[in-house]
Each structure stands twice: as C-alpha cells, then as structure tokens.
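Structure first, then comments.
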Amino acid sequence: MNSSGYTLFEFVVVILLIGILSAVAVPRFEKRIELTELKSEKDFTYRLWEELELHATIQREIHDEDRWPDHPLSVLGRTRNVVVTLSLGLPTQDNEWRFDGSKLYHRRMNNEIWYFEYNPNTFFLSEHPVKL
C-alpha cells in the first residue's frame with residue numbers, strides 16, 4: 001500500500017517535539033524580557049539620579065544648600081519611549097512612571113508594577129526595584 005500522507009504516530013511525535021521545544025524556549029524568552037525591563041528601569045533611575053544631582057547643584061548656587069525636589073520626576077525634561085506622568089498615583093499604562101509621595105512607580109509591559117524608594121531629605125533613590 002502506497003500512502004502519500006503522514007501516519008498518526010509521525011504527527012504525534014512532531015507535536016510532542018514542538019511542545020518540548022516550547023516548554024524550554026518560552027521561560028527563557030520571558031526571563032530575557034524581564035532582564036531587559038530591569039536594565040531599562042536601572043538606566044532610567046541612573047538618568048534620574050543625574051538630573052536630581054544637577055538640580056541639587058543648581059539649588060546650592062541659588063539657595064546655598066543642596067536639596068532634591070519633592071517630586072523627582074519634575075526634573076526630567078523630554079523623554080523618549082517612556083511615559084512620565086507628574087500627577088500622583090499608580091501608573092495606568094505600559095512603560096509609565098509615576099510618583100506617589102514616597103515611591104517612584106513603573107508599570108512594565110507585562111502590567112506588573114514595580115517601585116523605587118525615594119526620599120529627598122536624605123538624597124535617597126533606591127537602586128533595586130521592588131514588586132508591588
């Protein structure tokens with residue numbers, strides 16, 4: 001008997017191999033996305049730190065004392081690929097940054113919200129995010 005199609009066994013083996021490859025690839029891909037988000041957050045907070053220090057330097061020249069602003073996002077000028085909202089509260093859209101009075105929040109692309117501690121009195125901006 002001459003058959004031009006695939007047998008059920010061959011079809012099941014192919015599906016099983018695709019399933020195994022997917023089981024290995026998807027978690028690695030998700031981890032890569034998480035690491036990229038973390039790097040992006042750290043880059044943003046380093047840039048914010050530099051802007052806060054520049055603000056403190058200007059305040060020293062004007063008022064003869066170092067001080068950071070009460071709202072850390074107010075020192076940022078234009079941003080690219082990042083949504084900065086100056087109103088207080090939690091972020092409502094992907095890749096948005098907001099401040100609530102003590103924490104700097106970032107909403108990641110997977111809808112998780114992470115935050116960084118901020119205290120202008122002690123010149124503190126945490127380097128590592130914490131999941132909300």
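Just remember, in the structure tokens the first chain shown is A, the second B, etc., residues are 1-based per chain, and ligands are 1-based in the order shown.
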Against stretch 21-42 of chain A, which residues of stretch 59-110 of chain A fall within 9 Å? For each one I want the closest pair of atoms and the distance in Å (one decimal), counting only C-alpha atoms, rows by chain and increasing residue number, as a Markdown table.
| residue | atom | partner | partner_atom | distance |
| --- | --- | --- | --- | --- |
| A:His106 | CA | A:Glu41 | CA | 7.9 |
| A:Arg108 | CA | A:Glu37 | CA | 7.0 |
| A:Met109 | CA | A:Glu37 | CA | 8.2 |
Please identify the strand (DSSP E or B) residues within stretch 11-126 of chain A (assignment by DSSP from backbone atoms) and present them as an MDAnalysis selection string.
chainID A and resid 83:88 96:99 103:107 113:119 124:125
Distance of atom CA of A:Glu51 from atom CA of A:Glu112, expressed in Å to one decimal place:
25.9 Å
For A:Phe124, the nearest of the candidates A:Leu52, A:Val14, A:Ile20, A:Ile58, counting only C-alpha atoms
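For A:Phe124, the nearest of the candidates is A:Leu52.
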Just want the 8 Å neighbourhood of stretch 80-89 of chain A, counted on only C-alpha atoms, with same-chain residues fewer than 2 positions away dropped. Output as number ranges by chain.
A: 73-74, 78, 91, 95-101
